[in-house]
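S.K.: Just so it is clear, I am handing over query23.cif, which has mmCIF, N, CA and C atoms.
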data_coords
loop_
_atom_site.label_atom_id
_atom_site.label_comp_id
_atom_site.auth_asym_id
_atom_site.auth_seq_id
_atom_site.Cartn_x
_atom_site.Cartn_y
_atom_site.Cartn_z
N PHE V 1 -0.02 -14.56 -24.91
CA PHE V 1 -0.64 -14.37 -26.21
C PHE V 1 0.39 -14.62 -27.31
N HIS V 2 1.55 -13.99 -27.19
CA HIS V 2 2.58 -14.17 -28.21
C HIS V 2 3.09 -15.61 -28.21
N ASP V 3 3.16 -16.23 -27.03
CA ASP V 3 3.58 -17.63 -26.96
C ASP V 3 2.57 -18.52 -27.66
N LEU V 4 1.28 -18.20 -27.52
CA LEU V 4 0.21 -18.95 -28.17
C LEU V 4 0.33 -18.84 -29.69
N LEU V 5 0.61 -17.64 -30.18
CA LEU V 5 0.79 -17.45 -31.62
C LEU V 5 1.98 -18.24 -32.14
N ALA V 6 3.09 -18.18 -31.41
CA ALA V 6 4.30 -18.90 -31.83
C ALA V 6 4.04 -20.41 -31.84
N LEU V 7 3.36 -20.92 -30.81
CA LEU V 7 3.05 -22.34 -30.73
C LEU V 7 2.12 -22.76 -31.86
N SER V 8 1.12 -21.93 -32.15
CA SER V 8 0.17 -22.29 -33.20
C SER V 8 0.85 -22.33 -34.57
N ARG V 9 1.77 -21.40 -34.80
CA ARG V 9 2.50 -21.40 -36.08
C ARG V 9 3.38 -22.64 -36.20
N ALA V 10 3.98 -23.04 -35.08
CA ALA V 10 4.84 -24.23 -35.09
C ALA V 10 4.02 -25.49 -35.36
N GLN V 11 2.78 -25.50 -34.92
CA GLN V 11 1.91 -26.67 -35.10
C GLN V 11 1.14 -26.60 -36.43
N GLY V 12 1.27 -25.47 -37.14
CA GLY V 12 0.58 -25.33 -38.42
C GLY V 12 -0.86 -24.85 -38.28
N ILE V 13 -1.22 -24.33 -37.12
CA ILE V 13 -2.57 -23.80 -36.91
C ILE V 13 -2.54 -22.32 -37.23
N LYS V 14 -3.55 -21.87 -37.98
CA LYS V 14 -3.58 -20.46 -38.35
C LYS V 14 -4.45 -19.70 -37.34
N ILE V 15 -3.82 -18.77 -36.61
CA ILE V 15 -4.52 -17.90 -35.66
C ILE V 15 -4.06 -16.48 -35.96
N SER V 16 -5.00 -15.62 -36.17
CA SER V 16 -4.63 -14.22 -36.40
C SER V 16 -4.76 -13.45 -35.08
N ASP V 17 -4.17 -12.26 -35.03
CA ASP V 17 -4.28 -11.42 -33.84
C ASP V 17 -5.73 -11.10 -33.52
N ALA V 18 -6.57 -11.01 -34.51
CA ALA V 18 -7.97 -10.65 -34.30
C ALA V 18 -8.77 -11.79 -33.69
N ASP V 19 -8.30 -13.04 -33.84
CA ASP V 19 -9.03 -14.19 -33.34
C ASP V 19 -8.89 -14.39 -31.84
N VAL V 20 -7.84 -13.84 -31.26
CA VAL V 20 -7.55 -14.07 -29.84
C VAL V 20 -7.75 -12.77 -29.07
N SER V 21 -8.54 -12.84 -28.01
CA SER V 21 -8.70 -11.68 -27.15
C SER V 21 -8.25 -12.05 -25.75
N PHE V 22 -7.95 -11.03 -24.97
CA PHE V 22 -7.51 -11.28 -23.60
C PHE V 22 -8.70 -11.60 -22.71
N CYS V 23 -8.59 -12.63 -21.93
CA CYS V 23 -9.63 -12.91 -20.93
C CYS V 23 -9.35 -12.04 -19.70
N ASP V 24 -10.29 -12.00 -18.76
CA ASP V 24 -10.13 -11.17 -17.56
C ASP V 24 -8.88 -11.56 -16.78
N THR V 25 -8.61 -12.85 -16.68
CA THR V 25 -7.45 -13.30 -15.93
C THR V 25 -6.16 -12.83 -16.58
N CYS V 26 -6.09 -12.91 -17.91
CA CYS V 26 -4.88 -12.45 -18.62
C CYS V 26 -4.70 -10.95 -18.44
N SER V 27 -5.81 -10.22 -18.52
CA SER V 27 -5.73 -8.76 -18.37
C SER V 27 -5.19 -8.40 -16.99
N LEU V 28 -5.70 -9.08 -15.95
CA LEU V 28 -5.23 -8.81 -14.59
C LEU V 28 -3.76 -9.21 -14.42
N ALA V 29 -3.39 -10.34 -15.01
CA ALA V 29 -2.02 -10.81 -14.87
C ALA V 29 -1.02 -9.86 -15.52
N LYS V 30 -1.44 -9.20 -16.58
CA LYS V 30 -0.54 -8.30 -17.29
C LYS V 30 -0.64 -6.85 -16.80
N SER V 31 -1.58 -6.58 -15.89
CA SER V 31 -1.74 -5.21 -15.41
C SER V 31 -0.60 -4.84 -14.47
N LYS V 32 -0.36 -3.55 -14.38
CA LYS V 32 0.71 -3.05 -13.52
C LYS V 32 0.13 -2.10 -12.50
N LYS V 33 0.70 -2.12 -11.31
CA LYS V 33 0.29 -1.20 -10.25
C LYS V 33 0.91 0.16 -10.50
N HIS V 34 0.24 1.19 -10.01
CA HIS V 34 0.83 2.52 -10.05
C HIS V 34 2.02 2.54 -9.11
N SER V 35 3.03 3.27 -9.48
CA SER V 35 4.21 3.35 -8.63
C SER V 35 3.89 4.11 -7.34
N VAL V 36 4.55 3.73 -6.29
CA VAL V 36 4.38 4.37 -5.00
C VAL V 36 5.31 5.58 -4.96
N ALA V 37 4.82 6.65 -4.39
CA ALA V 37 5.63 7.86 -4.30
C ALA V 37 6.94 7.57 -3.56
N LYS V 38 8.02 8.15 -4.04
CA LYS V 38 9.33 7.93 -3.42
C LYS V 38 9.42 8.58 -2.05
N ARG V 39 8.67 9.67 -1.86
CA ARG V 39 8.68 10.37 -0.58
C ARG V 39 7.26 10.58 -0.10
N ALA V 40 7.10 10.49 1.19
CA ALA V 40 5.79 10.77 1.78
C ALA V 40 5.59 12.29 1.80
N ALA V 41 4.34 12.69 1.90
CA ALA V 41 4.05 14.12 2.00
C ALA V 41 4.72 14.67 3.26
N PRO V 42 5.23 15.88 3.21
CA PRO V 42 5.92 16.42 4.39
C PRO V 42 4.95 16.59 5.56
N ARG V 43 5.46 16.32 6.74
CA ARG V 43 4.66 16.47 7.96
C ARG V 43 4.61 17.94 8.35
N GLN V 44 3.60 18.25 9.16
CA GLN V 44 3.50 19.58 9.73
C GLN V 44 4.68 19.79 10.68
N THR V 45 5.03 21.03 10.93
CA THR V 45 6.19 21.31 11.78
C THR V 45 5.78 21.64 13.21
N ARG V 46 4.53 22.04 13.41
CA ARG V 46 4.07 22.38 14.77
C ARG V 46 2.94 21.46 15.20
N ALA V 47 3.01 21.02 16.44
CA ALA V 47 1.94 20.20 16.99
C ALA V 47 0.64 21.00 16.99
N GLY V 48 -0.46 20.35 16.68
CA GLY V 48 -1.76 20.99 16.70
C GLY V 48 -2.20 21.59 15.37
N GLU V 49 -1.30 21.64 14.37
CA GLU V 49 -1.66 22.23 13.07
C GLU V 49 -2.59 21.32 12.27
N LEU V 50 -2.33 20.02 12.30
CA LEU V 50 -3.10 19.06 11.53
C LEU V 50 -3.32 17.81 12.37
N THR V 51 -4.57 17.40 12.48
CA THR V 51 -4.92 16.18 13.20
C THR V 51 -5.63 15.24 12.24
N HIS V 52 -5.17 14.01 12.20
CA HIS V 52 -5.82 12.96 11.40
C HIS V 52 -6.82 12.25 12.32
N THR V 53 -7.96 11.86 11.76
CA THR V 53 -8.96 11.19 12.58
C THR V 53 -9.64 10.08 11.82
N ASP V 54 -10.15 9.11 12.56
CA ASP V 54 -10.93 8.02 11.99
C ASP V 54 -11.82 7.46 13.09
N VAL V 55 -12.85 6.78 12.65
CA VAL V 55 -13.75 6.11 13.58
C VAL V 55 -13.80 4.64 13.19
N VAL V 56 -13.79 3.78 14.20
CA VAL V 56 -13.89 2.35 13.99
C VAL V 56 -15.16 1.89 14.67
N GLY V 57 -15.96 1.10 13.98
CA GLY V 57 -17.16 0.57 14.60
C GLY V 57 -18.34 0.60 13.67
N PRO V 58 -19.42 0.01 14.10
CA PRO V 58 -19.59 -0.63 15.40
C PRO V 58 -18.80 -1.93 15.50
N MET V 59 -18.21 -2.12 16.65
CA MET V 59 -17.43 -3.33 16.91
C MET V 59 -18.37 -4.52 17.04
N PRO V 60 -17.91 -5.70 16.65
CA PRO V 60 -18.77 -6.88 16.79
C PRO V 60 -19.07 -7.22 18.25
N VAL V 61 -18.15 -6.84 19.14
CA VAL V 61 -18.36 -7.07 20.57
C VAL V 61 -18.11 -5.74 21.29
N ALA V 62 -19.08 -5.30 22.07
CA ALA V 62 -18.96 -4.04 22.79
C ALA V 62 -17.96 -4.19 23.94
N SER V 63 -17.41 -3.06 24.38
CA SER V 63 -16.50 -3.06 25.52
C SER V 63 -17.29 -3.37 26.79
N PHE V 64 -16.59 -3.52 27.92
CA PHE V 64 -17.26 -3.79 29.19
C PHE V 64 -18.24 -2.67 29.55
N SER V 65 -17.92 -1.46 29.13
CA SER V 65 -18.80 -0.32 29.43
C SER V 65 -19.91 -0.16 28.39
N GLY V 66 -19.91 -0.99 27.35
CA GLY V 66 -20.94 -0.93 26.33
C GLY V 66 -20.57 -0.11 25.10
N ALA V 67 -19.35 0.38 25.05
CA ALA V 67 -18.91 1.18 23.90
C ALA V 67 -18.75 0.30 22.67
N GLU V 68 -19.23 0.81 21.54
CA GLU V 68 -19.14 0.07 20.28
C GLU V 68 -18.28 0.77 19.24
N TYR V 69 -17.84 1.99 19.54
CA TYR V 69 -17.06 2.79 18.58
C TYR V 69 -15.75 3.24 19.22
N VAL V 70 -14.74 3.45 18.38
CA VAL V 70 -13.47 4.01 18.83
C VAL V 70 -13.15 5.17 17.90
N PHE V 71 -12.91 6.34 18.49
CA PHE V 71 -12.48 7.51 17.74
C PHE V 71 -10.98 7.67 17.95
N ILE V 72 -10.25 7.83 16.85
CA ILE V 72 -8.80 7.96 16.92
C ILE V 72 -8.41 9.33 16.39
N PHE V 73 -7.58 10.03 17.14
CA PHE V 73 -7.07 11.34 16.74
C PHE V 73 -5.54 11.27 16.81
N MET V 74 -4.87 11.70 15.73
CA MET V 74 -3.41 11.65 15.70
C MET V 74 -2.86 12.96 15.16
N ASP V 75 -1.94 13.55 15.92
CA ASP V 75 -1.29 14.78 15.51
C ASP V 75 -0.27 14.47 14.42
N ASP V 76 -0.30 15.25 13.34
CA ASP V 76 0.57 14.99 12.20
C ASP V 76 2.05 15.25 12.52
N ALA V 77 2.34 16.31 13.24
CA ALA V 77 3.74 16.69 13.51
C ALA V 77 4.43 15.73 14.47
N THR V 78 3.73 15.34 15.53
CA THR V 78 4.36 14.53 16.57
C THR V 78 4.01 13.05 16.48
N ARG V 79 2.97 12.73 15.72
CA ARG V 79 2.43 11.36 15.63
C ARG V 79 1.85 10.89 16.96
N TYR V 80 1.59 11.81 17.85
CA TYR V 80 0.94 11.48 19.13
C TYR V 80 -0.52 11.12 18.82
N ALA V 81 -0.98 10.02 19.36
CA ALA V 81 -2.34 9.55 19.07
C ALA V 81 -3.11 9.27 20.35
N LYS V 82 -4.40 9.53 20.29
CA LYS V 82 -5.31 9.22 21.39
C LYS V 82 -6.51 8.48 20.81
N ALA V 83 -7.01 7.52 21.56
CA ALA V 83 -8.21 6.78 21.16
C ALA V 83 -9.25 6.93 22.26
N TYR V 84 -10.49 7.15 21.85
CA TYR V 84 -11.59 7.35 22.79
C TYR V 84 -12.72 6.39 22.45
N LEU V 85 -13.20 5.68 23.46
CA LEU V 85 -14.34 4.79 23.28
C LEU V 85 -15.63 5.60 23.31
N ALA V 86 -16.62 5.15 22.55
CA ALA V 86 -17.91 5.84 22.51
C ALA V 86 -19.03 4.83 22.33
N HIS V 87 -20.17 5.16 22.89
CA HIS V 87 -21.35 4.30 22.75
C HIS V 87 -22.06 4.53 21.42
N ARG V 88 -21.97 5.77 20.92
CA ARG V 88 -22.65 6.13 19.68
C ARG V 88 -21.70 6.89 18.77
N LYS V 89 -21.90 6.72 17.49
CA LYS V 89 -21.08 7.44 16.51
C LYS V 89 -21.33 8.93 16.59
N SER V 90 -22.51 9.31 17.03
CA SER V 90 -22.86 10.72 17.13
C SER V 90 -22.06 11.45 18.22
N GLN V 91 -21.27 10.75 19.00
CA GLN V 91 -20.43 11.35 20.03
C GLN V 91 -19.10 11.87 19.47
N ALA V 92 -18.95 11.91 18.16
CA ALA V 92 -17.69 12.31 17.53
C ALA V 92 -17.23 13.69 17.99
N TRP V 93 -18.12 14.68 17.95
CA TRP V 93 -17.73 16.05 18.32
C TRP V 93 -17.32 16.11 19.79
N GLU V 94 -18.07 15.43 20.64
CA GLU V 94 -17.75 15.39 22.07
C GLU V 94 -16.34 14.83 22.29
N LYS V 95 -16.00 13.75 21.60
CA LYS V 95 -14.67 13.14 21.75
C LYS V 95 -13.59 14.05 21.18
N PHE V 96 -13.90 14.77 20.10
CA PHE V 96 -12.93 15.70 19.53
C PHE V 96 -12.65 16.84 20.50
N GLU V 97 -13.68 17.35 21.15
CA GLU V 97 -13.48 18.41 22.15
C GLU V 97 -12.61 17.92 23.31
N ILE V 98 -12.81 16.68 23.73
CA ILE V 98 -11.98 16.10 24.79
C ILE V 98 -10.52 16.04 24.33
N TYR V 99 -10.32 15.65 23.08
CA TYR V 99 -8.96 15.59 22.52
C TYR V 99 -8.33 16.99 22.50
N LEU V 100 -9.07 17.99 22.05
CA LEU V 100 -8.55 19.36 22.03
C LEU V 100 -8.21 19.85 23.44
N ASP V 101 -9.08 19.56 24.40
CA ASP V 101 -8.80 19.94 25.80
C ASP V 101 -7.51 19.27 26.28
N HIS V 102 -7.31 18.03 25.89
CA HIS V 102 -6.09 17.30 26.27
C HIS V 102 -4.85 17.99 25.68
N LEU V 103 -4.92 18.39 24.41
CA LEU V 103 -3.79 19.09 23.79
C LEU V 103 -3.50 20.40 24.52
N ARG V 104 -4.55 21.16 24.79
CA ARG V 104 -4.37 22.46 25.45
C ARG V 104 -3.80 22.29 26.86
N ALA V 105 -4.22 21.22 27.54
CA ALA V 105 -3.70 20.96 28.89
C ALA V 105 -2.20 20.67 28.86
N HIS V 106 -1.73 20.21 27.71
CA HIS V 106 -0.29 19.93 27.55
C HIS V 106 0.41 21.05 26.78
N LYS V 107 -0.18 22.24 26.82
CA LYS V 107 0.42 23.45 26.26
C LYS V 107 0.61 23.41 24.74
N VAL V 108 -0.25 22.66 24.04
CA VAL V 108 -0.22 22.64 22.58
C VAL V 108 -1.23 23.67 22.10
N ALA V 109 -0.75 24.65 21.35
CA ALA V 109 -1.63 25.70 20.84
C ALA V 109 -2.40 25.17 19.64
N VAL V 110 -3.72 25.22 19.73
CA VAL V 110 -4.57 24.81 18.61
C VAL V 110 -5.21 26.08 18.07
N ASP V 111 -4.62 26.62 16.99
CA ASP V 111 -5.07 27.88 16.42
C ASP V 111 -6.32 27.70 15.58
N ALA V 112 -6.91 28.83 15.20
CA ALA V 112 -8.12 28.82 14.38
C ALA V 112 -7.85 28.18 13.01
N GLY V 113 -6.63 28.22 12.52
CA GLY V 113 -6.29 27.64 11.22
C GLY V 113 -5.98 26.15 11.26
N ALA V 114 -6.06 25.55 12.44
CA ALA V 114 -5.77 24.12 12.56
C ALA V 114 -6.77 23.32 11.74
N ARG V 115 -6.30 22.19 11.21
CA ARG V 115 -7.14 21.37 10.34
C ARG V 115 -7.34 19.98 10.90
N LEU V 116 -8.48 19.40 10.53
CA LEU V 116 -8.81 18.02 10.88
C LEU V 116 -8.97 17.26 9.58
N GLN V 117 -8.21 16.19 9.41
CA GLN V 117 -8.27 15.40 8.19
C GLN V 117 -8.88 14.05 8.49
N SER V 118 -9.91 13.68 7.71
CA SER V 118 -10.57 12.40 7.90
C SER V 118 -10.72 11.70 6.57
N ASP V 119 -11.32 10.53 6.61
CA ASP V 119 -11.56 9.76 5.38
C ASP V 119 -12.92 10.10 4.77
N ALA V 120 -13.44 11.27 5.07
CA ALA V 120 -14.72 11.76 4.54
C ALA V 120 -15.92 10.98 5.06
N ASP V 121 -15.78 10.36 6.22
CA ASP V 121 -16.93 9.72 6.86
C ASP V 121 -17.96 10.82 7.14
N PRO V 122 -19.22 10.59 6.85
CA PRO V 122 -20.24 11.63 7.05
C PRO V 122 -20.25 12.24 8.46
N ILE V 123 -19.84 11.51 9.46
CA ILE V 123 -19.84 12.06 10.82
C ILE V 123 -18.85 13.22 10.93
N PHE V 124 -17.79 13.22 10.08
CA PHE V 124 -16.79 14.29 10.12
C PHE V 124 -17.03 15.38 9.09
N THR V 125 -17.92 15.16 8.15
CA THR V 125 -18.13 16.14 7.08
C THR V 125 -19.45 16.89 7.18
N ALA V 126 -20.26 16.57 8.15
CA ALA V 126 -21.57 17.22 8.27
C ALA V 126 -21.75 17.81 9.66
N GLY V 127 -22.79 18.58 9.80
CA GLY V 127 -23.19 19.09 11.10
C GLY V 127 -22.14 19.90 11.82
N THR V 128 -21.87 19.54 13.05
CA THR V 128 -21.00 20.32 13.93
C THR V 128 -19.58 20.44 13.38
N PHE V 129 -19.04 19.39 12.79
CA PHE V 129 -17.68 19.46 12.23
C PHE V 129 -17.63 20.44 11.06
N ARG V 130 -18.62 20.41 10.21
CA ARG V 130 -18.66 21.31 9.05
C ARG V 130 -18.76 22.76 9.51
N ASP V 131 -19.53 23.00 10.57
CA ASP V 131 -19.76 24.35 11.08
C ASP V 131 -18.67 24.82 12.03
N GLY V 132 -17.66 24.01 12.25
CA GLY V 132 -16.55 24.39 13.14
C GLY V 132 -16.95 24.47 14.60
N GLY V 133 -17.91 23.67 14.99
CA GLY V 133 -18.31 23.63 16.40
C GLY V 133 -19.41 24.59 16.77
N ALA V 134 -19.88 25.38 15.82
CA ALA V 134 -20.97 26.34 16.13
C ALA V 134 -22.24 25.57 16.45
N ARG V 135 -22.88 26.02 17.49
CA ARG V 135 -24.12 25.33 17.90
C ARG V 135 -25.28 26.25 17.82
#
Any chance you could put this one into structure tokens?
M.R.:
Amino acid sequence: FHDLLALSRAQGIKISDADVSFCDTCSLAKSKKHSVAKRAAPRQTRAGELTHTDVVGPMPVASFSGAEYVFIFMDDATRYAKAYLAHRKSQAWEKFEIYLDHLRAHKVAVDAGARLQSDADPIFTAGTFRDGGAR
């Protein structure tokens, strides 16, 4: 914009600041990204305190067994991750229970205060997950 004003003055063309507006491309080119945090959020110190989860699917091609979804559970403290195939998205709670059984089998204490963090997919925010497994 300032280069355009300088060029127009050199050529004898009168352009005022009010005559020129930024187009979408100029606005994007001059925009700045938010800075990235210098440090990541601190990890939990004990295994089983916080588990991150996500679901992928439906996959464009089902597995040999017909599964179209993958549930991923990752412990925040250890970064240990497990993935479980599923035929239906509604199997989320079942796969989570299998994950918890796996942790307990390896002597990881999963206390009542343990948390599950997801991307707010409705499968993790409603029904059985919201009620803490109460049936």
S.K.: Please write as a list in words the full residue list that the PyMOL selection byres ((chain V and resi 87) around 6) yields on this file.
M.R.: Gly66, Ala67, Glu68, Tyr69, Leu85, Ala86, Arg88 and Lys89 of chain V
S.K.: Dump N, CA and C atoms for the selected residues as a compact mmCIF listing (two decimals), keeping the file's coordinate frame?
M.R.:
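Saved the output as result-v8.txt:
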# COMPACT_ATOMS: atom_id res chain seq x y z
N GLY V 66 -19.91 -0.99 27.35
CA GLY V 66 -20.94 -0.93 26.33
C GLY V 66 -20.57 -0.11 25.10
N ALA V 67 -19.35 0.38 25.05
CA ALA V 67 -18.91 1.18 23.90
C ALA V 67 -18.75 0.30 22.67
N GLU V 68 -19.23 0.81 21.54
CA GLU V 68 -19.14 0.07 20.28
C GLU V 68 -18.28 0.77 19.24
N TYR V 69 -17.84 1.99 19.54
CA TYR V 69 -17.06 2.79 18.58
C TYR V 69 -15.75 3.24 19.22
N LEU V 85 -13.20 5.68 23.46
CA LEU V 85 -14.34 4.79 23.28
C LEU V 85 -15.63 5.60 23.31
N ALA V 86 -16.62 5.15 22.55
CA ALA V 86 -17.91 5.84 22.51
C ALA V 86 -19.03 4.83 22.33
N ARG V 88 -21.97 5.77 20.92
CA ARG V 88 -22.65 6.13 19.68
C ARG V 88 -21.70 6.89 18.77
N LYS V 89 -21.90 6.72 17.49
CA LYS V 89 -21.08 7.44 16.51
C LYS V 89 -21.33 8.93 16.59
S.K.: Between atom CA of Val108 of chain V and atom CA of Arg130 of chain V, measure the distance and give it in Å to one decimal.
M.R.: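 Going from atom CA of Val108 of chain V over to atom CA of Arg130 of chain V, I get 22.9 Å.
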S.K.: For a test of reading the model, state the distance in Å between atom CA of Ser63 of chain V and atom CA of Asp76 of chain V, rounded to one decimal.
M.R.: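 Atom CA of Asp76 of chain V lies 28.2 Å from atom CA of Ser63 of chain V.
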S.K.: Please compute the atom CA of Ala83 of chain V-atom CA of Asp54 of chain V distance, one decimal, in Å.
M.R.: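 Here the two named atoms are 9.6 Å from each other.
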S.K.: Which of these, V:His52, V:His34, V:Lys82, V:Arg43, has the shortest distance to Tyr99 of chain V once you count all atoms listed in the file?
M.R.: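 Of all the options, V:Lys82 lies closest to Tyr99 of chain V.
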S.K.: Using DSSP assignments from the backbone, pull out every residue in segment 36-103 of chain V that falls under alpha helix (DSSP H) and give it to me as an MDAnalysis selection string.
M.R.: chainID V and resid 92:103
S.K.: Rank V:Trp93, V:Thr78, V:Tyr84, V:Ala126 by their smallest atom-to-atom distance to Arg46 of chain V, using all atoms listed in the file, and report the top residue only.
M.R.: V:Thr78
S.K.: So what does the PyMOL selection byres (((chain V and resi 117 and name CA) around 9) and name CA) actually pick up in this one, as number ranges by chain?
M.R.: V: 50-54, 115-116, 118-120, 124
S.K.: When distances are computed from only N, CA and C atoms, which of V:Val70, V:Ala41, V:Ala77, V:Ala114 shows the smallest separation from Val56 of chain V?
M.R.: V:Val70
